[in-house]
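work.txt (compact mmCIF, C-alpha atoms)
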```txt
# COMPACT_ATOMS: atom_id res chain seq x y z
CA MET G 1 0.00 0.00 0.00
CA SER G 2 2.70 2.45 1.08
CA VAL G 3 4.67 1.73 -2.09
CA GLU G 4 1.62 2.51 -4.15
CA ARG G 5 1.18 5.81 -2.34
CA ARG G 6 4.82 6.68 -2.97
CA LYS G 7 4.39 5.87 -6.63
CA PHE G 8 1.27 8.02 -6.76
CA LEU G 9 3.01 10.96 -5.13
CA LYS G 10 5.96 10.64 -7.51
CA LEU G 11 3.63 10.61 -10.50
CA ALA G 12 1.69 13.61 -9.14
CA GLY G 13 4.95 15.51 -8.72
CA LEU G 14 6.03 14.67 -12.25
CA ALA G 15 2.64 15.73 -13.60
CA ALA G 16 2.88 19.08 -11.77
CA LEU G 17 6.33 19.60 -13.28
CA GLY G 18 4.95 18.75 -16.69
CA VAL G 19 2.14 21.31 -16.38
CA ALA G 20 4.56 24.02 -15.25
CA GLY G 21 7.01 23.10 -18.02
CA GLY G 22 4.27 23.18 -20.68
CA ALA G 23 3.15 26.65 -19.62
CA THR G 24 6.74 27.90 -19.71
CA GLY G 25 7.23 26.40 -23.16
CA ARG G 26 4.22 28.29 -24.43
CA VAL G 27 5.60 31.57 -23.08
CA LEU G 28 9.05 30.85 -24.53
CA ALA G 29 7.62 29.93 -27.93
CA GLU G 30 6.01 33.36 -28.29
CA ASP G 31 7.46 35.10 -31.33
CA SER G 32 5.96 37.00 -34.24
CA PRO G 33 4.98 34.97 -37.33
CA ALA G 34 6.45 35.74 -40.74
CA VAL G 35 5.08 38.82 -42.47
CA ASP G 36 2.59 38.05 -45.22
CA THR G 37 3.24 40.08 -48.36
CA THR G 38 0.58 38.75 -50.74
CA PRO G 39 -1.70 41.44 -52.19
CA ALA G 40 -5.09 42.08 -50.61
CA ARG G 41 -8.14 40.35 -51.97
CA ALA G 42 -11.15 42.45 -52.92
CA SER G 43 -14.27 41.89 -50.90
CA ASP G 44 -17.10 40.21 -52.81
CA THR G 45 -19.81 41.15 -50.35
CA ASP G 46 -20.83 44.46 -51.88
CA SER G 47 -24.42 45.07 -53.03
CA PRO G 48 -26.07 41.65 -53.11
CA ARG G 49 -28.56 41.06 -55.91
CA ALA G 50 -32.21 40.54 -55.05
CA PRO G 51 -32.64 36.95 -53.89
CA LEU G 52 -34.62 34.47 -55.95
CA THR G 53 -37.58 33.23 -53.97
CA ALA G 54 -40.34 30.71 -54.54
CA LYS G 55 -43.05 28.95 -52.60
CA ARG G 56 -41.76 25.58 -53.74
CA TRP G 57 -38.50 25.15 -55.61
CA ALA G 58 -38.42 22.22 -58.02
CA MET G 59 -36.47 20.99 -61.03
CA VAL G 60 -37.37 19.39 -64.32
CA ILE G 61 -34.70 17.41 -66.14
CA ASP G 62 -35.32 17.07 -69.85
CA VAL G 63 -33.81 13.67 -70.46
CA THR G 64 -34.37 13.94 -74.23
CA LYS G 65 -31.95 16.87 -74.37
CA CYS G 66 -29.52 15.19 -72.03
CA ARG G 67 -29.57 12.03 -74.13
CA GLU G 68 -28.16 13.88 -77.16
CA GLN G 69 -25.05 14.82 -75.16
CA ALA G 70 -23.93 11.42 -73.97
CA ASN G 71 -20.50 12.54 -72.81
CA CYS G 72 -21.53 15.85 -71.28
CA ASN G 73 -20.82 16.19 -67.59
CA ASP G 74 -21.03 19.97 -67.21
CA CYS G 75 -23.66 19.96 -64.45
CA GLN G 76 -21.66 17.70 -62.19
CA ALA G 77 -18.38 19.47 -62.89
CA ALA G 78 -19.85 22.90 -62.13
CA CYS G 79 -21.65 21.74 -58.99
CA HIS G 80 -18.70 19.90 -57.54
CA VAL G 81 -16.31 22.79 -58.11
CA THR G 82 -18.76 25.35 -56.70
CA HIS G 83 -19.34 23.38 -53.52
CA ASN G 84 -15.84 22.07 -52.82
CA VAL G 85 -16.94 18.48 -53.30
CA PRO G 86 -13.91 16.20 -52.83
CA ASP G 87 -12.83 13.57 -55.33
CA PHE G 88 -11.25 10.65 -53.52
CA GLY G 89 -10.68 8.77 -56.74
CA ASN G 90 -12.45 5.60 -55.66
CA PRO G 91 -16.14 4.68 -55.69
CA LYS G 92 -16.12 3.42 -52.09
CA ASP G 93 -15.43 6.88 -50.64
CA GLU G 94 -17.20 8.79 -53.41
CA VAL G 95 -18.94 12.05 -52.48
CA LYS G 96 -21.50 13.32 -54.98
CA TRP G 97 -24.18 15.99 -55.15
CA ILE G 98 -25.32 15.49 -58.75
CA TRP G 99 -24.21 12.69 -61.02
CA LYS G 100 -25.36 10.61 -64.00
CA GLU G 101 -27.02 7.25 -63.58
CA SER G 102 -28.21 4.65 -66.07
CA PHE G 103 -31.96 4.41 -66.68
CA GLU G 104 -32.34 1.11 -64.85
CA HIS G 105 -30.55 2.49 -61.80
CA ALA G 106 -32.30 5.84 -61.77
CA PHE G 107 -35.76 4.39 -62.42
CA HIS G 108 -35.49 0.76 -61.44
CA ASP G 109 -39.22 0.45 -60.80
CA GLN G 110 -39.92 1.67 -64.36
CA GLU G 111 -37.39 -0.53 -66.06
CA ASN G 112 -38.35 -3.37 -68.41
CA GLU G 113 -36.37 -5.33 -70.94
CA HIS G 114 -38.35 -4.05 -73.95
CA LEU G 115 -37.74 -0.35 -73.43
CA PRO G 116 -36.37 1.53 -76.44
CA GLU G 117 -32.63 1.07 -76.73
CA GLU G 118 -31.99 4.80 -76.60
CA LEU G 119 -33.77 5.02 -73.26
CA LYS G 120 -31.87 2.06 -71.88
CA ASN G 121 -28.58 3.65 -72.87
CA THR G 122 -29.45 7.05 -71.48
CA ARG G 123 -27.50 8.34 -68.53
CA THR G 124 -29.70 10.65 -66.50
CA PRO G 125 -28.57 13.34 -64.07
CA VAL G 126 -29.77 12.54 -60.56
CA LEU G 127 -29.53 14.62 -57.39
CA CYS G 128 -31.29 15.20 -54.10
CA ASN G 129 -35.03 15.24 -54.82
CA HIS G 130 -35.83 17.74 -52.06
CA CYS G 131 -38.83 15.62 -51.14
CA ASP G 132 -41.96 17.08 -49.63
CA ASN G 133 -41.93 14.17 -47.22
CA PRO G 134 -38.20 13.58 -46.75
CA PRO G 135 -37.29 10.36 -44.93
CA CYS G 136 -33.79 11.70 -44.17
CA VAL G 137 -35.32 14.51 -42.11
CA ARG G 138 -37.48 12.10 -40.13
CA VAL G 139 -34.51 10.07 -38.97
CA CYS G 140 -31.98 12.83 -38.23
CA PRO G 141 -31.45 12.83 -34.45
CA THR G 142 -29.94 16.33 -34.31
CA GLN G 143 -32.09 18.18 -36.85
CA ALA G 144 -28.96 18.77 -38.88
CA THR G 145 -31.15 18.26 -41.93
CA TRP G 146 -34.59 19.77 -42.25
CA ARG G 147 -37.13 20.86 -44.81
CA ARG G 148 -37.32 24.63 -45.18
CA GLU G 149 -40.96 25.64 -44.81
CA GLN G 150 -40.68 28.76 -46.97
CA ASP G 151 -39.48 27.06 -50.18
CA GLY G 152 -39.28 23.32 -49.58
CA ILE G 153 -35.51 22.97 -49.85
CA VAL G 154 -34.17 20.08 -47.78
CA MET G 155 -31.29 21.80 -46.03
CA MET G 156 -28.13 20.58 -44.35
CA ASP G 157 -26.47 22.17 -41.33
CA TRP G 158 -22.95 20.79 -41.37
CA HIS G 159 -22.24 22.40 -38.02
CA ARG G 160 -24.79 20.13 -36.45
CA CYS G 161 -24.24 16.84 -38.29
CA ILE G 162 -22.80 14.19 -35.98
CA GLY G 163 -22.13 11.68 -38.76
CA CYS G 164 -24.53 8.96 -37.61
CA ARG G 165 -25.49 8.25 -41.26
CA TYR G 166 -29.15 7.50 -40.47
CA CYS G 167 -30.06 9.87 -43.31
CA VAL G 168 -27.77 8.00 -45.71
CA ALA G 169 -29.62 4.82 -44.86
CA ALA G 170 -33.04 6.48 -45.05
CA CYS G 171 -32.65 8.23 -48.41
CA PRO G 172 -34.06 5.97 -51.13
CA TYR G 173 -32.17 7.85 -53.85
CA GLY G 174 -28.58 7.53 -52.65
CA SER G 175 -28.39 11.31 -52.67
CA ARG G 176 -26.35 11.56 -49.50
CA SER G 177 -22.63 10.98 -49.20
CA PHE G 178 -20.53 10.51 -46.11
CA ASN G 179 -17.02 11.87 -45.69
CA TRP G 180 -15.10 8.83 -44.53
CA ARG G 181 -11.84 10.75 -44.76
CA ASP G 182 -10.73 14.35 -44.46
CA PRO G 183 -12.04 15.84 -47.72
CA ARG G 184 -9.91 18.96 -47.89
CA PRO G 185 -6.74 17.47 -49.43
CA HIS G 186 -8.91 15.88 -52.14
CA ILE G 187 -10.50 19.09 -53.41
CA LYS G 188 -8.76 20.05 -56.64
CA GLN G 189 -9.72 23.70 -56.68
CA ILE G 190 -10.91 25.21 -53.42
CA GLN G 191 -13.58 27.91 -53.68
CA THR G 192 -13.16 30.35 -50.82
CA GLU G 193 -16.82 31.43 -50.86
CA PHE G 194 -18.07 28.00 -49.84
CA PRO G 195 -16.94 25.93 -46.88
CA THR G 196 -15.52 22.45 -47.13
CA ARG G 197 -16.74 19.66 -44.90
CA THR G 198 -14.80 17.63 -42.37
CA ARG G 199 -14.39 13.92 -41.85
CA GLY G 200 -17.52 12.40 -40.33
CA VAL G 201 -20.07 14.72 -41.96
CA VAL G 202 -22.79 13.88 -44.48
CA GLU G 203 -23.30 16.14 -47.47
CA LYS G 204 -25.73 16.53 -50.35
CA CYS G 205 -27.24 18.97 -52.83
CA THR G 206 -28.94 22.02 -51.27
CA PHE G 207 -30.49 23.37 -54.53
CA CYS G 208 -27.76 26.04 -54.32
CA GLU G 209 -29.52 27.83 -51.51
CA GLU G 210 -26.43 30.07 -51.16
CA ARG G 211 -26.71 31.12 -54.82
CA LEU G 212 -30.49 31.67 -54.78
CA VAL G 213 -30.13 34.15 -51.94
CA ARG G 214 -27.69 36.10 -54.14
CA GLY G 215 -30.11 36.07 -57.05
CA GLN G 216 -28.34 33.34 -59.02
CA LEU G 217 -29.75 30.10 -60.40
CA PRO G 218 -28.24 26.81 -59.20
CA ALA G 219 -24.77 26.11 -60.56
CA CYS G 220 -25.86 23.00 -62.50
CA VAL G 221 -28.69 24.88 -64.23
CA THR G 222 -26.37 27.71 -65.22
CA ALA G 223 -23.73 25.26 -66.41
CA CYS G 224 -26.05 23.26 -68.68
CA LYS G 225 -25.55 24.67 -72.17
CA HIS G 226 -28.32 22.49 -73.61
CA GLY G 227 -31.15 23.69 -71.40
CA ALA G 228 -31.83 20.24 -70.02
CA LEU G 229 -32.20 21.46 -66.45
CA VAL G 230 -35.16 23.74 -65.71
CA PHE G 231 -35.43 25.23 -62.25
CA GLY G 232 -38.43 27.12 -60.97
CA ASP G 233 -41.37 27.59 -58.68
CA LEU G 234 -43.74 24.64 -58.66
CA GLU G 235 -46.47 26.73 -57.04
CA ASP G 236 -46.36 29.38 -59.77
CA PRO G 237 -48.58 28.25 -62.70
CA SER G 238 -46.86 30.69 -65.07
CA SER G 239 -43.34 29.42 -64.43
CA ASP G 240 -41.39 27.71 -67.24
CA LEU G 241 -41.19 24.67 -65.04
CA ARG G 242 -44.97 24.35 -64.72
CA LYS G 243 -45.45 24.95 -68.46
CA LEU G 244 -43.01 22.18 -69.25
CA LEU G 245 -44.72 19.82 -66.83
CA ALA G 246 -48.12 20.68 -68.35
CA GLU G 247 -46.92 19.99 -71.91
CA ARG G 248 -44.81 16.88 -71.54
CA PHE G 249 -45.14 13.56 -69.77
CA SER G 250 -42.91 13.40 -66.71
CA ILE G 251 -41.99 10.83 -64.12
CA ARG G 252 -40.33 11.03 -60.72
CA ARG G 253 -37.92 8.62 -59.13
CA ARG G 254 -39.61 6.01 -56.93
CA ALA G 255 -42.71 8.15 -56.47
CA GLY G 256 -44.54 5.11 -55.09
CA LEU G 257 -42.62 5.40 -51.83
CA GLY G 258 -44.63 8.48 -50.93
CA THR G 259 -41.65 10.75 -50.44
CA GLN G 260 -43.08 13.26 -52.96
CA PRO G 261 -39.80 13.93 -54.79
CA GLU G 262 -39.67 17.34 -56.48
CA VAL G 263 -37.26 16.57 -59.29
CA TYR G 264 -39.21 15.66 -62.43
CA TYR G 265 -37.90 13.82 -65.47
CA VAL G 266 -39.28 14.48 -68.92
CA LEU G 267 -38.71 11.47 -71.14
CA MET W 1 1.76 17.06 12.82
CA HIS W 2 3.66 13.93 11.87
CA ASN W 3 6.57 14.89 9.58
CA GLY W 4 5.11 18.41 9.52
CA GLY W 5 8.32 20.14 8.52
CA LYS W 6 8.91 17.95 5.51
CA ILE W 7 5.32 18.30 4.33
CA ILE W 8 5.44 22.08 4.56
CA ILE W 9 8.78 22.24 2.73
CA GLY W 10 7.34 19.93 0.06
CA LEU W 11 4.27 22.13 -0.31
CA VAL W 12 6.40 25.25 -0.64
CA ILE W 13 8.51 23.60 -3.35
CA PHE W 14 5.36 22.44 -5.12
CA LEU W 15 3.83 25.94 -5.06
CA VAL W 16 7.03 27.52 -6.34
CA LEU W 17 7.20 25.04 -9.20
CA ILE W 18 3.58 25.32 -10.22
CA THR W 19 3.71 29.11 -10.23
CA PHE W 20 7.02 29.09 -12.09
CA PRO W 21 5.55 30.57 -15.31
CA ILE W 22 4.37 33.58 -13.33
CA TRP W 23 7.78 34.15 -11.68
CA TYR W 24 9.46 33.59 -15.00
CA ASN W 25 7.37 36.27 -16.70
CA VAL W 26 7.83 38.72 -13.82
CA ALA W 27 11.59 38.19 -13.99
CA ASN W 28 11.55 38.84 -17.75
CA ASP W 29 9.40 41.96 -17.37
CA ARG W 30 6.49 40.37 -19.24
CA ALA W 31 4.09 40.27 -16.34
CA GLY W 32 1.58 42.56 -18.05
CA TYR W 33 1.91 40.90 -21.45
CA SER W 34 -1.11 40.64 -23.68
CA PRO W 35 -1.01 39.73 -27.37
CA GLU W 36 -1.15 42.55 -29.86
CA ILE W 37 -3.64 41.90 -32.61
CA GLU W 38 -3.30 43.52 -35.98
CA LYS W 39 -5.54 46.46 -36.85
CA ALA W 40 -7.97 46.03 -39.72
CA ALA W 41 -6.32 46.57 -43.09
CA ARG W 42 -9.37 48.43 -44.40
CA GLY W 43 -12.82 49.48 -43.36
CA GLU W 44 -13.84 52.28 -41.02
CA ASN W 45 -16.19 50.57 -38.65
CA CYS W 46 -16.59 47.03 -37.50
CA VAL W 47 -20.09 45.55 -37.53
CA ARG W 48 -20.08 46.11 -33.77
CA ASP W 49 -18.07 48.17 -31.33
CA SER W 50 -14.47 46.91 -30.97
CA ALA W 51 -14.60 46.38 -27.22
CA TRP W 52 -17.82 44.42 -27.58
CA MET W 53 -16.35 42.36 -30.39
CA ARG W 54 -13.29 41.52 -28.32
CA ALA W 55 -15.47 40.01 -25.65
CA TYR W 56 -18.41 38.57 -27.57
CA HIS W 57 -17.35 37.89 -31.19
CA MET W 58 -17.86 34.16 -30.65
CA ASP W 59 -21.48 34.77 -29.67
CA LEU W 60 -22.00 36.94 -32.74
CA LEU W 61 -20.50 34.26 -34.97
CA ASN W 62 -22.78 31.62 -33.47
CA GLU W 63 -25.74 33.91 -33.98
CA TRP W 64 -24.72 34.52 -37.61
CA ARG W 65 -24.32 30.80 -38.16
CA ASP W 66 -27.85 30.09 -36.98
CA GLN W 67 -29.35 33.00 -38.91
CA VAL W 68 -27.57 32.13 -42.15
CA VAL W 69 -27.90 28.37 -42.13
CA ARG W 70 -31.13 27.77 -40.31
CA GLN W 71 -33.14 30.91 -41.05
CA GLY W 72 -31.68 31.64 -44.49
CA SER W 73 -30.96 35.26 -43.57
CA ARG W 74 -27.55 35.96 -45.08
CA PHE W 75 -27.34 39.73 -45.32
CA GLU W 76 -27.78 42.47 -42.79
CA SER W 77 -27.81 46.22 -43.24
CA ALA W 78 -25.30 48.01 -41.04
CA ALA W 79 -26.04 51.19 -39.11
CA GLY W 80 -24.62 53.25 -42.00
CA GLY W 81 -27.03 51.59 -44.43
CA ALA W 82 -24.61 49.40 -46.40
CA ALA W 83 -25.55 45.74 -46.36
CA TYR W 84 -22.99 43.21 -45.28
CA GLU W 85 -22.91 39.47 -45.44
CA LYS W 86 -22.94 37.56 -42.17
CA SER W 87 -19.82 35.67 -43.06
CA LEU W 88 -16.61 34.98 -41.21
CA SER W 89 -14.46 34.29 -44.25
CA SER W 90 -16.00 36.93 -46.54
CA THR W 91 -16.81 39.78 -44.17
CA CYS W 92 -14.56 39.55 -41.10
CA LEU W 93 -11.50 38.44 -43.02
CA SER W 94 -11.98 41.00 -45.79
CA CYS W 95 -10.87 43.71 -43.33
CA HIS W 96 -8.89 41.64 -40.84
CA GLU W 97 -7.11 39.88 -43.60
CA ASN W 98 -4.30 38.23 -41.67
CA LYS W 99 -5.75 35.35 -39.69
CA ASP W 100 -2.38 34.56 -38.06
CA LYS W 101 -2.05 38.02 -36.58
CA PHE W 102 -5.71 38.62 -35.87
CA CYS W 103 -7.43 35.39 -34.82
CA ASP W 104 -4.61 33.03 -33.96
CA ARG W 105 -2.43 35.35 -31.94
CA CYS W 106 -5.07 35.87 -29.29
CA HIS W 107 -6.49 32.36 -29.46
CA ASP W 108 -3.02 30.86 -29.01
CA TYR W 109 -2.32 33.10 -26.05
CA LEU W 110 -5.58 32.07 -24.39
CA GLY W 111 -5.18 28.44 -25.34
CA VAL W 112 -8.49 28.21 -27.19
CA ASP W 113 -8.79 26.21 -30.37
CA PRO W 114 -11.97 27.10 -32.30
CA TYR W 115 -12.80 24.73 -35.15
CA CYS W 116 -14.09 27.38 -37.59
CA TRP W 117 -11.23 26.72 -40.01
CA ASP W 118 -11.76 22.99 -40.23
CA CYS W 119 -14.43 23.84 -42.82
CA HIS W 120 -14.35 27.57 -43.52
CA ILE W 121 -11.56 28.77 -45.70
CA VAL W 122 -9.07 31.54 -45.12
CA PRO W 123 -9.08 33.24 -48.52
CA LYS W 124 -5.35 33.96 -48.40
CA GLU W 125 -4.34 30.43 -47.55
CA VAL W 126 -5.71 29.02 -50.79
CA GLN W 127 -3.36 28.90 -53.75
CA PRO W 128 -5.11 30.42 -56.78
```
Starting from the file, lay out its structure as structure tokens.
Amino acid sequence: MSVERRKFLKLAGLAALGVAGGATGRVLAEDSPAVDTTPARASDTDSPRAPLTAKRWAMVIDVTKCREQANCNDCQAACHVTHNVPDFGNPKDEVKWIWKESFEHAFHDQENEHLPEELKNTRTPVLCNHCDNPPCVRVCPTQATWRREQDGIVMMDWHRCIGCRYCVAACPYGSRSFNWRDPRPHIKQIQTEFPTRTRGVVEKCTFCEERLVRGQLPACVTACKHGALVFGDLEDPSSDLRKLLAERFSIRRRAGLGTQPEVYYVL
Amino acid sequence: MHNGGKIIIGLVIFLVLITFPIWYNVANDRAGYSPEIEKAARGENCVRDSAWMRAYHMDLLNEWRDQVVRQGSRFESAAGGAAYEKSLSSTCLSCHENKDKFCDRCHDYLGVDPYCWDCHIVPKEVQP
């Protein structure tokens, strides 16, 4: 017993010395950092444009236009650069906000073996559907993801995400990606206006909420030279989006699940 | 007291050692040291009074975070009338452009380690 007490006292003494030494080290290490001589960067916060608002944001993807550009990947490239989406270079760790999927994967409940060949070979852009009844929101234990009442966007708060991945499991569209590793070294071209994420955080498309509030359309819509992506207010009968939906036959991904997805596909 | 003298001597030695950083700084005439943070490179007024900012900037940043992310309110008009964005990397760092000399110097001195920069980007640290 007495030996143990001696050991304890010795350790306590050493610990006290360590604390004192650490504090001294910090004081001794105080010196001024190197002077930065790079030129100043202009502020980009001046005079914001009027924000784009809607009662219910939605998107129509004209697959017939997309089909003609089989090798086009402009929407994904623009989105992933704008939002600092990392590229880990392997499908296991892949993080994606918008990407192209084969018909049978995008619409596996619509697929049959006698579909026209051109439809079978089509690769369709897919992204978060911003459901009216989002299962990811129901399962999130921290309310890090929620449906915005004012315009229906299913938002992400990366400050609050604890990385439990319930939402990844709940989303029937595979729209959510988890950062298994630190994403920052894997971002080719960092955009300073948008944050990166950290390891252990889930990310997904936010319908470019940060661009809408500056009066800009989503990055993928702007990037599409072929007009295949139409973005607009679903509650506004005069919007281009509603006109397109009224004229052409459209389907939604796995609508039978009752999630009420708000990305429509014109075939 | 059993072994009282030894215990008291031990306690005195212990107290001297644990307060060593204080004696050390007094001896080196740094007793009143506080870190000097760099003045803003541009801009007349901060979004709040400087003294208030020194004490409560972390509360303001938390408030901004909730307003921007959760309430979708990104811009605010200042007292002068010009709108500013509630953004650490775009607004704060556009005037206080040297994070090392503005944020870190004080945070290091106080031993606090905020995780803002795990995600948010210091514009100057990114290679164009």
Provide an axis-aligned box for all listed atoms of stretch 9-26 of chain W, padding each side by 3 Å; report its centre and its edge lengths in Å to one decimal, as JSON.
```
{"center_x": 6.5, "center_y": 29.3, "center_z": -7.0, "size_x": 11.9, "size_y": 24.8, "size_z": 25.4}
```
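The smallest atom-to-atom distance between G:Arg49 and any of W:Leu60, W:Ala83, W:Val112, W:Ile13, using all atoms listed in the file, is found for W:Ala83.
Picture a line from atom CA of G:Pro134 to atom CA of G:Val202; it runs 15.6 Å.
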Hey, could you make a per-residue contact list for chain W against chain G with 9 Å as the cut-off, showing the nearest pair of atoms and its distance in Å to one decimal, counting all atoms listed in the file, sorted by chain and number, as CSV?
```
residue,atom,partner,partner_atom,distance
W:Phe14,CA,G:Gly13,CA,7.8
W:Leu17,CA,G:Ala20,CA,6.7
W:Ile18,CA,G:Ala20,CA,5.3
W:Thr19,CA,G:Ala20,CA,7.2
W:Phe20,CA,G:Ala20,CA,6.5
W:Pro21,CA,G:Thr24,CA,5.3
W:Ile22,CA,G:Thr24,CA,8.9
W:Tyr24,CA,G:Thr24,CA,7.9
W:Asn25,CA,G:Val27,CA,8.1
W:Ala41,CA,G:Ala40,CA,8.8
W:Arg65,CA,G:His159,CA,8.7
W:Val69,CA,G:Asp157,CA,6.4
W:Arg70,CA,G:Asp157,CA,7.4
W:Gln71,CA,G:Arg148,CA,8.6
W:Gly72,CA,G:Val213,CA,8.0
W:Ser73,CA,G:Val213,CA,8.5
W:Arg74,CA,G:Val213,CA,7.5
W:Phe75,CA,G:Pro48,CA,8.1
W:Ala82,CA,G:Ser47,CA,7.9
W:Ala83,CA,G:Ser47,CA,6.8
W:Tyr84,CA,G:Thr45,CA,6.3
W:Glu85,CA,G:Thr45,CA,6.0
W:Ser89,CA,G:Glu193,CA,7.6
W:Ser90,CA,G:Ser43,CA,6.8
W:Thr91,CA,G:Thr45,CA,7.0
W:Ser94,CA,G:Ser43,CA,5.7
W:Cys95,CA,G:Ser43,CA,8.5
W:Glu97,CA,G:Ala40,CA,7.6
W:Asn98,CA,G:Asp36,CA,7.8
W:Asp100,CA,G:Pro33,CA,7.4
W:Lys101,CA,G:Pro33,CA,7.7
W:Arg105,CA,G:Ser32,CA,8.9
W:Asp108,CA,G:Arg26,CA,8.9
W:Tyr109,CA,G:Arg26,CA,8.3
W:Trp117,CA,G:Pro195,CA,9.0
W:Asp118,CA,G:Thr198,CA,6.5
W:Cys119,CA,G:Thr196,CA,4.7
W:His120,CA,G:Pro195,CA,4.5
W:Ile121,CA,G:Thr192,CA,5.6
W:Val122,CA,G:Thr192,CA,7.1
W:Pro123,CA,G:Thr192,CA,5.5
W:Lys124,CA,G:Arg41,CA,7.8
W:Val126,CA,G:Ile190,CA,7.0
W:Gln127,CA,G:Ile190,CA,8.4
W:Pro128,CA,G:Gln189,CA,8.1
```
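Taking atom CA of W:Lys39 and atom CA of W:Leu110 as the two end points, the separation is 19.0 Å.
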Handout entry: Point (-16.9, 41.8, -34.8) neighbourhood (12 Å, all atoms listed in the file) written as a ChimeraX atom specification
Key = /W:40,45-64,86-88,91-93,95-96,102-103
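Counting from atom CA of W:Ile37, the distance to atom CA of W:Asp66 is 27.3 Å.
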Completion exercise
Restricting to all atoms listed in the file, whichever of G:Leu119, G:Cys205, G:Ala223, G:Ala15 is closest to G:Ser175 is G:Cys205
Practice task
Please provide as a PyMOL selection string all residues within 10 Å of stretch 232-238 of chain G, with the sequence filter that same-chain residues fewer than 4 positions apart are discarded (counting all atoms listed in the file).
Solution key: chain G and resi 52-60+151+217+242-243+245-246+262
Problem - Answer as a ChimeraX atom specification, residues within 12 Å of (-20.7, 11.7, -72.1) using only C-alpha atoms - result: /G:66-76,99-102,121-125
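For G:Cys167, the list of residues within 7 Å, based on only C-alpha atoms and with local chain neighbours fewer than 5 positions off taken out, reads G:Cys136, G:Val139, G:Cys140.
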Practice task
Show which residues sit within 9 Å of G:Asp93, as a list in words. Count all atoms listed in the file, and ignore same-chain residues fewer than 4 positions away.
Solution key: Asp87, Phe88, Gly89, Ser177, Phe178, Asn179, Trp180 and Arg181 of chain G
Problem - Among listed residues G:Arg211, G:Pro172, G:Ile61, G:Ala50, nearest G:Ser250 (using all atoms listed in the file) - result: G:Ile61
